[in-house]
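File shown here: work.txt, holding compact mmCIF, C-alpha atoms.
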# COMPACT_ATOMS: atom_id res chain seq x y z
CA MET A 1 -10.20 -14.47 -64.65
CA GLN A 2 -6.87 -14.48 -66.44
CA GLN A 3 -4.07 -12.56 -68.05
CA THR A 4 -3.46 -13.39 -71.68
CA GLN A 5 -0.17 -15.15 -72.29
CA GLU A 6 1.25 -12.49 -74.61
CA ALA A 7 0.52 -9.52 -72.36
CA ALA A 8 3.37 -7.96 -70.41
CA VAL A 9 1.26 -6.84 -67.45
CA ALA A 10 2.71 -7.14 -63.98
CA PRO A 11 0.72 -9.83 -62.12
CA ALA A 12 0.26 -7.60 -59.08
CA LEU A 13 -1.17 -4.82 -61.23
CA ALA A 14 -3.46 -7.21 -63.08
CA SER A 15 -4.64 -8.68 -59.80
CA ALA A 16 -5.44 -5.23 -58.37
CA LEU A 17 -7.37 -4.28 -61.50
CA ILE A 18 -9.35 -7.52 -61.53
CA ASN A 19 -10.19 -7.09 -57.84
CA ALA A 20 -11.38 -3.57 -58.63
CA VAL A 21 -13.66 -4.85 -61.40
CA THR A 22 -15.06 -7.51 -59.07
CA TYR A 23 -15.82 -4.88 -56.46
CA ALA A 24 -17.47 -2.70 -59.11
CA GLY A 25 -19.70 -5.62 -60.06
CA GLU A 26 -20.70 -6.08 -56.44
CA GLN A 27 -21.65 -2.43 -56.08
CA LEU A 28 -23.67 -2.48 -59.29
CA SER A 29 -25.44 -5.58 -58.04
CA GLY A 30 -26.33 -3.72 -54.86
CA LEU A 31 -27.61 -0.71 -56.80
CA ILE A 32 -30.00 -2.67 -58.99
CA GLU A 33 -30.74 -5.25 -56.28
CA CYS A 34 -30.01 -8.17 -58.52
CA PRO A 35 -27.17 -10.70 -58.68
CA ILE A 36 -24.51 -10.00 -61.29
CA ARG A 37 -22.10 -12.52 -62.73
CA LEU A 38 -18.82 -11.41 -64.29
CA ILE A 39 -17.63 -13.44 -67.28
CA GLY A 40 -14.16 -13.56 -68.76
CA THR A 41 -12.68 -10.76 -66.68
CA HIS A 42 -9.16 -10.18 -67.90
CA VAL A 43 -6.36 -7.66 -68.20
CA GLU A 44 -4.20 -7.48 -71.31
CA ARG A 45 -2.04 -5.11 -73.25
CA LEU A 46 -3.05 -5.07 -76.91
CA ARG A 47 -2.94 -3.04 -80.07
CA LEU A 48 -5.57 -0.30 -80.09
CA GLU A 49 -7.24 -1.54 -83.26
CA ARG A 50 -7.79 -4.91 -81.61
CA LEU A 51 -10.03 -3.55 -78.88
CA PRO A 52 -13.41 -5.26 -78.62
CA GLY A 53 -15.75 -3.21 -80.77
CA LEU A 54 -13.01 -2.14 -83.17
CA ILE A 55 -12.00 -5.44 -84.76
CA GLU A 56 -15.48 -6.51 -85.83
CA GLY A 57 -19.03 -5.30 -85.45
CA GLU A 58 -17.91 -1.69 -85.24
CA ASP A 59 -21.30 -0.52 -86.48
CA ARG A 60 -23.21 -2.40 -83.77
CA LEU A 61 -25.60 0.00 -82.09
CA VAL A 62 -25.04 0.37 -78.36
CA THR A 63 -26.18 2.48 -75.49
CA ALA A 64 -23.07 3.29 -73.53
CA ILE A 65 -21.99 5.24 -70.51
CA TYR A 66 -18.63 6.93 -70.84
CA LEU A 67 -16.54 8.45 -68.08
CA ALA A 68 -13.00 9.72 -67.98
CA PHE A 69 -10.94 9.57 -64.82
CA SER A 70 -8.01 11.74 -63.87
CA GLY A 71 -5.29 12.08 -61.28
CA PRO A 72 -2.14 10.00 -60.95
CA PHE A 73 -4.24 7.23 -62.52
CA GLU A 74 -6.12 8.43 -65.59
CA GLY A 75 -7.95 7.00 -68.54
CA HIS A 76 -11.36 6.04 -69.84
CA VAL A 77 -14.29 3.82 -68.93
CA VAL A 78 -16.91 2.55 -71.37
CA LEU A 79 -19.88 0.57 -70.09
CA SER A 80 -21.91 -0.60 -73.07
CA PHE A 81 -25.18 -2.47 -73.62
CA SER A 82 -27.52 -3.27 -76.45
CA PRO A 83 -30.27 -0.61 -76.51
CA ASP A 84 -32.79 -3.14 -75.16
CA ALA A 85 -30.48 -4.21 -72.33
CA ALA A 86 -29.82 -0.58 -71.39
CA ALA A 87 -33.55 0.11 -71.31
CA GLU A 88 -34.09 -2.98 -69.13
CA LEU A 89 -31.40 -1.87 -66.70
CA ALA A 90 -32.78 1.67 -66.53
CA SER A 91 -36.28 0.34 -65.94
CA ARG A 92 -35.06 -1.78 -63.01
CA LEU A 93 -33.54 1.27 -61.42
CA LEU A 94 -36.49 3.57 -62.14
CA MET A 95 -39.02 0.83 -61.36
CA GLU A 96 -41.02 1.80 -64.43
CA PRO A 97 -40.96 0.63 -68.06
CA VAL A 98 -38.37 2.10 -70.41
CA ASP A 99 -38.72 1.64 -74.16
CA GLY A 100 -35.43 0.51 -75.72
CA SER A 101 -36.63 1.01 -79.30
CA CYS A 102 -36.52 4.79 -79.17
CA GLU A 103 -34.21 7.48 -77.85
CA LEU A 104 -33.91 7.42 -74.09
CA ASP A 105 -35.55 10.24 -72.20
CA GLU A 106 -33.81 12.33 -69.57
CA MET A 107 -34.83 10.10 -66.66
CA ALA A 108 -33.58 6.95 -68.34
CA GLN A 109 -30.31 8.64 -69.28
CA SER A 110 -29.94 9.84 -65.73
CA ALA A 111 -30.51 6.31 -64.42
CA LEU A 112 -27.89 4.90 -66.76
CA GLY A 113 -25.52 7.69 -65.83
CA GLU A 114 -25.92 6.73 -62.21
CA ILE A 115 -25.16 3.11 -63.05
CA GLY A 116 -21.98 4.29 -64.73
CA ASN A 117 -21.13 6.48 -61.77
CA ILE A 118 -21.56 3.71 -59.20
CA THR A 119 -19.69 1.13 -61.24
CA THR A 120 -16.78 3.41 -62.09
CA SER A 121 -16.54 4.96 -58.66
CA ALA A 122 -16.38 1.53 -57.08
CA PHE A 123 -13.62 0.51 -59.44
CA LEU A 124 -11.63 3.68 -58.86
CA THR A 125 -12.12 3.50 -55.09
CA SER A 126 -10.67 0.03 -55.09
CA ILE A 127 -7.68 1.22 -57.12
CA ALA A 128 -7.26 4.31 -54.95
CA ASN A 129 -7.22 2.16 -51.80
CA ALA A 130 -4.78 -0.33 -53.30
CA PHE A 131 -2.33 2.30 -54.50
CA GLN A 132 -3.04 5.18 -52.13
CA TYR A 133 -3.93 7.48 -55.02
CA ALA A 134 -6.75 10.02 -55.32
CA VAL A 135 -8.63 9.41 -58.55
CA HIS A 136 -11.37 11.63 -59.93
CA PRO A 137 -14.10 10.46 -62.32
CA SER A 138 -15.79 12.84 -64.74
CA PRO A 139 -19.57 13.17 -64.88
CA PRO A 140 -21.02 10.34 -66.96
CA VAL A 141 -22.00 10.82 -70.59
CA VAL A 142 -24.69 8.54 -72.02
CA VAL A 143 -24.27 7.89 -75.73
CA GLN A 144 -26.30 5.90 -78.23
CA ASP A 145 -24.19 5.23 -81.29
CA MET A 146 -22.11 2.66 -83.15
CA ILE A 147 -19.61 1.07 -80.76
CA GLY A 148 -16.72 1.72 -83.17
CA ALA A 149 -17.59 5.40 -83.46
CA LEU A 150 -17.74 5.76 -79.70
CA LEU A 151 -14.47 3.92 -79.12
CA SER A 152 -12.65 5.88 -81.83
CA ASN A 153 -13.24 9.05 -79.83
CA VAL A 154 -11.91 7.28 -76.74
CA VAL A 155 -8.81 5.66 -78.19
CA VAL A 156 -7.59 8.68 -80.12
CA GLU A 157 -6.04 10.13 -76.97
CA LEU A 158 -4.35 6.82 -76.27
CA ALA A 159 -3.22 6.63 -79.91
CA LEU A 160 -1.36 9.92 -79.54
CA GLU A 161 1.12 8.25 -77.18
CA SER A 162 1.20 4.62 -78.27
CA THR A 163 -0.01 1.90 -80.60
CA HIS A 164 -1.01 -0.24 -77.61
CA ALA A 165 -3.19 0.12 -74.57
CA LEU A 166 -3.94 -1.75 -71.39
CA LEU A 167 -7.45 -3.12 -71.40
CA VAL A 168 -9.44 -4.26 -68.39
CA HIS A 169 -12.43 -6.08 -69.79
CA THR A 170 -15.38 -8.03 -68.51
CA VAL A 171 -18.83 -9.06 -69.60
CA PHE A 172 -21.49 -9.13 -66.94
CA GLU A 173 -24.83 -10.84 -66.75
CA VAL A 174 -27.81 -9.70 -64.77
CA ASP A 175 -30.47 -12.31 -64.14
CA GLY A 176 -28.83 -14.90 -66.38
CA GLU A 177 -28.67 -13.49 -69.87
CA ALA A 178 -31.58 -11.12 -69.47
CA VAL A 179 -29.29 -8.13 -69.36
CA GLN A 180 -25.74 -8.36 -70.61
CA GLY A 181 -23.22 -5.56 -70.62
CA GLU A 182 -19.59 -4.98 -71.36
CA LEU A 183 -17.15 -2.99 -69.28
CA MET A 184 -13.93 -1.64 -70.72
CA LEU A 185 -11.39 0.30 -68.73
CA LEU A 186 -8.54 1.91 -70.61
CA PRO A 187 -5.93 3.62 -68.45
CA THR A 188 -3.25 5.69 -70.18
CA ASN A 189 0.10 4.00 -70.61
CA GLN A 190 1.70 6.63 -68.42
CA SER A 191 -0.70 5.75 -65.62
CA CYS A 192 0.07 2.05 -65.94
CA ASP A 193 3.78 2.76 -65.76
CA SER A 194 3.15 4.88 -62.67
CA LEU A 195 1.15 2.11 -61.00
CA GLU A 196 3.77 -0.52 -61.81
CA SER A 197 6.49 1.72 -60.41
CA ARG A 198 4.46 2.21 -57.25
CA LEU A 199 4.00 -1.54 -56.92
CA ALA A 200 7.71 -2.10 -57.37
CA SER A 201 8.59 0.50 -54.76
CA CYS A 202 6.24 -1.13 -52.25
CA LYS A 203 8.12 -4.45 -52.35
CA MET B 1 -16.35 -0.96 -95.79
CA ALA B 2 -15.24 1.37 -92.97
CA ARG B 3 -17.62 0.73 -90.07
CA GLY B 4 -18.28 2.75 -86.97
CA LEU B 5 -16.47 5.93 -87.99
CA GLY B 6 -16.49 8.41 -85.11
CA SER B 7 -13.68 10.95 -85.10
CA CYS B 8 -11.90 8.84 -87.71
CA ILE B 9 -12.20 9.62 -91.42
CA GLY B 10 -13.01 6.99 -93.99
CA ILE B 11 -11.54 7.77 -97.42
CA ALA B 12 -13.25 5.92 -100.25
CA VAL B 13 -11.38 5.94 -103.56
CA TYR B 14 -12.54 4.67 -106.96
CA GLU B 15 -10.55 4.80 -110.20
CA PRO B 16 -13.20 4.19 -112.89
CA HIS B 17 -10.97 3.45 -115.93
CA ASN B 18 -9.27 0.49 -114.29
CA ARG B 19 -12.03 -0.21 -111.76
CA ILE B 20 -9.77 0.09 -108.77
CA ALA B 21 -11.35 0.61 -105.35
CA ALA B 22 -9.57 1.51 -102.13
CA LEU B 23 -10.56 2.48 -98.62
CA ALA B 24 -8.51 4.05 -95.85
CA HIS B 25 -9.42 4.52 -92.19
CA VAL B 26 -7.61 7.57 -90.82
CA MET B 27 -7.43 7.90 -87.05
CA LEU B 28 -5.09 10.83 -86.47
CA PRO B 29 -4.33 14.09 -88.29
CA GLY B 30 -0.58 13.53 -88.06
CA PRO B 31 2.15 13.97 -88.87
CA ALA B 32 3.48 10.54 -88.04
CA PRO B 33 6.23 10.53 -85.39
CA ALA B 34 9.76 11.11 -86.69
CA GLY B 35 12.12 8.18 -86.97
CA PRO B 36 11.47 4.74 -88.49
CA PRO B 37 8.29 4.43 -90.59
CA ALA B 38 5.15 4.42 -88.46
CA ASP B 39 3.82 1.02 -87.54
CA GLN B 40 0.56 1.78 -89.30
CA PRO B 41 1.11 4.71 -91.66
CA ALA B 42 -2.49 4.76 -92.83
CA ARG B 43 -3.65 5.81 -89.38
CA PHE B 44 -2.23 9.28 -90.18
CA ALA B 45 -3.91 11.49 -92.80
CA ASP B 46 -1.04 12.31 -95.14
CA GLN B 47 0.50 8.85 -94.97
CA ALA B 48 -2.88 7.26 -95.72
CA ILE B 49 -3.20 9.30 -98.90
CA VAL B 50 0.37 8.52 -99.93
CA SER B 51 -0.40 4.82 -99.41
CA ILE B 52 -3.58 5.07 -101.49
CA ILE B 53 -1.76 6.82 -104.35
CA ALA B 54 0.95 4.16 -104.31
CA ALA B 55 -1.61 1.36 -104.28
CA VAL B 56 -3.59 2.83 -107.20
CA GLU B 57 -0.42 3.32 -109.25
CA ARG B 58 0.81 -0.17 -108.42
CA LEU B 59 -2.42 -1.55 -109.94
CA GLY B 60 -1.96 0.51 -113.08
CA GLY B 61 -4.40 3.24 -112.15
CA ARG B 62 -4.15 7.03 -112.34
CA PRO B 63 -4.60 8.79 -108.98
CA ARG B 64 -5.82 12.03 -110.55
CA ASP B 65 -8.73 10.16 -112.14
CA CYS B 66 -9.86 8.85 -108.77
CA ILE B 67 -13.29 9.67 -107.38
CA ILE B 68 -12.70 10.41 -103.70
CA LYS B 69 -15.34 10.59 -100.97
CA LEU B 70 -15.02 11.15 -97.25
CA ALA B 71 -17.07 10.26 -94.18
CA GLY B 72 -16.53 10.67 -90.44
CA GLY B 73 -14.84 13.30 -88.30
CA ALA B 74 -17.60 13.36 -85.68
CA GLN B 75 -17.40 14.25 -82.01
CA VAL B 76 -19.48 11.38 -80.62
CA ILE B 77 -18.58 11.97 -76.97
CA ARG B 78 -18.97 15.54 -75.83
CA LEU B 79 -17.14 16.13 -72.59
CA ALA B 80 -16.10 19.50 -71.23
CA SER B 81 -12.52 18.46 -70.85
CA LYS B 82 -9.35 17.87 -72.79
CA ASP B 83 -11.27 15.58 -75.16
CA ASP B 84 -13.15 18.57 -76.52
CA LYS B 85 -9.91 20.53 -76.64
CA LEU B 86 -8.34 17.81 -78.79
CA GLN B 87 -11.18 18.14 -81.32
CA VAL B 88 -9.66 15.29 -83.26
CA GLY B 89 -12.70 14.88 -85.50
CA LYS B 90 -12.41 18.42 -86.87
CA ARG B 91 -8.64 18.16 -87.11
CA ASN B 92 -8.92 14.89 -89.00
CA ILE B 93 -11.31 16.46 -91.50
CA ALA B 94 -8.97 19.40 -92.08
CA ALA B 95 -5.87 17.19 -92.29
CA VAL B 96 -7.40 14.84 -94.85
CA GLN B 97 -8.77 17.71 -96.96
CA GLU B 98 -5.43 19.52 -96.89
CA ALA B 99 -3.46 16.39 -97.71
CA LEU B 100 -5.69 15.57 -100.67
CA GLU B 101 -5.27 19.11 -101.99
CA ARG B 102 -1.49 18.89 -101.54
CA HIS B 103 -1.44 15.78 -103.71
CA GLY B 104 -3.62 17.37 -106.36
CA LEU B 105 -6.65 15.18 -105.61
CA ARG B 106 -10.24 16.43 -105.60
CA ILE B 107 -13.00 15.48 -103.18
CA ALA B 108 -16.16 14.46 -105.04
CA GLY B 109 -18.36 14.17 -101.98
CA GLN B 110 -18.27 14.09 -98.21
CA ASN B 111 -20.46 13.49 -95.17
CA VAL B 112 -18.38 14.71 -92.24
CA GLY B 113 -18.57 16.39 -88.84
CA GLY B 114 -21.48 16.43 -86.44
CA THR B 115 -21.93 14.11 -83.48
CA VAL B 116 -22.94 10.70 -84.84
CA GLY B 117 -21.18 7.62 -86.12
CA ARG B 118 -21.10 6.57 -89.75
CA THR B 119 -20.33 3.56 -91.94
CA LEU B 120 -18.75 4.17 -95.35
CA THR B 121 -18.94 1.58 -98.12
CA VAL B 122 -17.46 1.52 -101.61
CA TYR B 123 -18.70 -1.14 -104.03
CA ALA B 124 -15.74 -2.22 -106.15
CA ALA B 125 -17.84 -3.61 -108.99
CA THR B 126 -19.65 -0.34 -109.66
CA GLY B 127 -17.77 2.39 -107.82
CA VAL B 128 -20.90 3.37 -105.93
CA THR B 129 -20.07 4.85 -102.51
CA THR B 130 -22.62 4.98 -99.71
CA VAL B 131 -22.80 6.27 -96.17
CA ARG B 132 -25.02 5.19 -93.32
CA LEU B 133 -25.43 7.35 -90.24
CA VAL B 134 -26.26 5.69 -86.92
CA GLY B 135 -29.93 4.83 -86.81
CA GLY B 136 -30.29 5.70 -90.50
CA VAL B 137 -30.34 3.90 -93.84
CA GLU B 138 -27.57 3.43 -96.38
CA GLU B 139 -27.59 6.32 -98.87
CA PRO B 140 -25.43 7.24 -101.87
CA LEU B 141 -22.64 9.71 -101.13
I need this file expressed as structure tokens, please.
Amino acid sequence: MQQTQEAAVAPALASALINAVTYAGEQLSGLIECPIRLIGTHVERLRLERLPGLIEGEDRLVTAIYLAFSGPFEGHVVLSFSPDAAAELASRLLMEPVDGSCELDEMAQSALGEIGNITTSAFLTSIANAFQYAVHPSPPVVVQDMIGALLSNVVVELALESTHALLVHTVFEVDGEAVQGELMLLPTNQSCDSLESRLASCK
Amino acid sequence: MARGLGSCIGIAVYEPHNRIAALAHVMLPGPAPAGPPADQPARFADQAIVSIIAAVERLGGRPRDCIIKLAGGAQVIRLASKDDKLQVGKRNIAAVQEALERHGLRIAGQNVGGTVGRTLTVYAATGVTTVRLVGGVEEPL
């Protein structure tokens, strides 16, 4: 777990965000009753067009769960999988087979939505406890589309205020490489400034 | 090739006399913020078209002879919140269409709107432009 050298992210903020991701992984592991390993968890500030999924492979098909969160800390969460991995994860939760080669039915979408809910809520709870903020997640939206198309809808709001964004990113493995997913958290720049100010005032 | 177009608009341009091909990936309707030139002007609709015109002219081409095709402007995530109120996909479509008209350029074809992602490709050797919707096959535009 690391901050990239060129990022200007306050270490205390990065540490809180990484702890929140770790906690989210633990809760997801509990939900699906399977160990989860987080790989390459990091926090960095980067240009929007350099987000994973926008610099290459933008037309890669994914099944993703999107949530927005609001309050003093606001932004976006995207939890993405290959269609087969998403089907595998849904099947573990539903304890019945899910076919990843066709459009997911309502039950499978609901299962994935719940995975998104648990993961995001755990992350936001950790942040809320660390900063004494109330944070509110939106209902999850399950989308099957090109990762670039999905992210373009997400980043456009961030692009209205800046050319850069703070990215909290991790890849997680379930059962070795059997199921691999990617978690991206993109708070608004205003929220990051607010969190950094709060950290500074707590010293 | 402009891959994974969601709310963004891909603008494919081909000038057949001089065989000049160009592609822009517009993210925002604009206008660009006031002050020093925007960091990436082509992310805004009007500035992208101005950049394309300049590039075509720089290569000896004639912008008014260009065959122009559009793809994108979708609302991939539908959330009953400010995201829907932004409606950036629709606004991008309108901004690009209006900017092209302002510069006296005609749209020869488009595959825009809806709720799915697209990939837009222009083949420089032939000028053929194609679009592929998510889950679909590449088709001429």
List every residue of chain A that has an atom at most 7 Å from any atom of chain B, giving for each one its closest atom pair and the distance in Å to one decimal, counting only C-alpha atoms, sorted by chain and then by ascending residue number, as JSON lines.
{"residue": "A:Glu58", "atom": "CA", "partner": "B:Gly4", "partner_atom": "CA", "distance": 4.8}
{"residue": "A:Asp59", "atom": "CA", "partner": "B:Gly4", "partner_atom": "CA", "distance": 4.5}
{"residue": "A:Asp145", "atom": "CA", "partner": "B:Val134", "partner_atom": "CA", "distance": 6.0}
{"residue": "A:Met146", "atom": "CA", "partner": "B:Gly4", "partner_atom": "CA", "distance": 5.4}
{"residue": "A:Ile147", "atom": "CA", "partner": "B:Gly4", "partner_atom": "CA", "distance": 6.6}
{"residue": "A:Gly148", "atom": "CA", "partner": "B:Gly4", "partner_atom": "CA", "distance": 4.2}
{"residue": "A:Ala149", "atom": "CA", "partner": "B:Gly6", "partner_atom": "CA", "distance": 3.6}
{"residue": "A:Leu150", "atom": "CA", "partner": "B:Val76", "partner_atom": "CA", "distance": 6.0}
{"residue": "A:Ser152", "atom": "CA", "partner": "B:Gly6", "partner_atom": "CA", "distance": 5.6}
{"residue": "A:Asn153", "atom": "CA", "partner": "B:Ser7", "partner_atom": "CA", "distance": 5.6}
{"residue": "A:Val156", "atom": "CA", "partner": "B:Met27", "partner_atom": "CA", "distance": 7.0}
Nearby residues (all atoms listed in the file) at most 8 Å from Arg47 (chain A), same-chain spacing under 4 positions excluded, as a compact mmCIF listing (two decimals) with C-alpha atoms, in the coordinates of the input:
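Output file out15.txt follows:
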# COMPACT_ATOMS: atom_id res chain seq x y z
CA LEU A 51 -10.03 -3.55 -78.88
CA THR A 163 -0.01 1.90 -80.60
CA HIS A 164 -1.01 -0.24 -77.61
CA ALA A 165 -3.19 0.12 -74.57
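Using only C-alpha atoms, the residues found no farther than 6 Å from Ala71 (chain B), other than those of its own chain fewer than 4 positions away, are Ile9, Gly10, Gln110, Asn111 and Val112 of chain B.
Proximity to Leu28 (chain A) was assessed for A:Leu94, A:Leu112, A:Ala10, A:Ala130 counting all atoms listed in the file; the smallest distance is recorded for A:Leu112.
Using all atoms listed in the file for every distance, the candidate list A:Ile32, A:Ala68, A:Ala20, A:Val141 yields A:Ala68 as the residue closest to Thr188 (chain A).
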- request: Name the residues within 7 Å of (-20.0, 2.1, -98.0), counting only C-alpha atoms in the file's coordinates, and put them as a PyMOL selection string.
  value: chain B and resi 1-2+119-123+129-131
Those selected residues, please, written with C-alpha atoms and delivered as a PDB file, in the frame of the given file.
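Written out: selection_20.pdb:
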ATOM      1  CA  MET B   1     -16.350  -0.960 -95.790  1.00  0.00           C
ATOM      2  CA  ALA B   2     -15.240   1.370 -92.970  1.00  0.00           C
ATOM      3  CA  THR B 119     -20.330   3.560 -91.940  1.00  0.00           C
ATOM      4  CA  LEU B 120     -18.750   4.170 -95.350  1.00  0.00           C
ATOM      5  CA  THR B 121     -18.940   1.580 -98.120  1.00  0.00           C
ATOM      6  CA  VAL B 122     -17.460   1.520-101.610  1.00  0.00           C
ATOM      7  CA  TYR B 123     -18.700  -1.140-104.030  1.00  0.00           C
ATOM      8  CA  THR B 129     -20.070   4.850-102.510  1.00  0.00           C
ATOM      9  CA  THR B 130     -22.620   4.980 -99.710  1.00  0.00           C
ATOM     10  CA  VAL B 131     -22.800   6.270 -96.170  1.00  0.00           C
TER      11      VAL B 131
END
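Between Cys34 (chain A) and the candidates A:Arg198, A:Leu167, A:Cys102, A:Leu93, the tightest atom-to-atom separation, counting all atoms listed in the file, involves A:Leu93.
Nearest to Ala124 (chain B) of all the residues B:Ile20, B:Val50, B:Ala45, B:Ala94 is B:Ile20, based on all atoms listed in the file.
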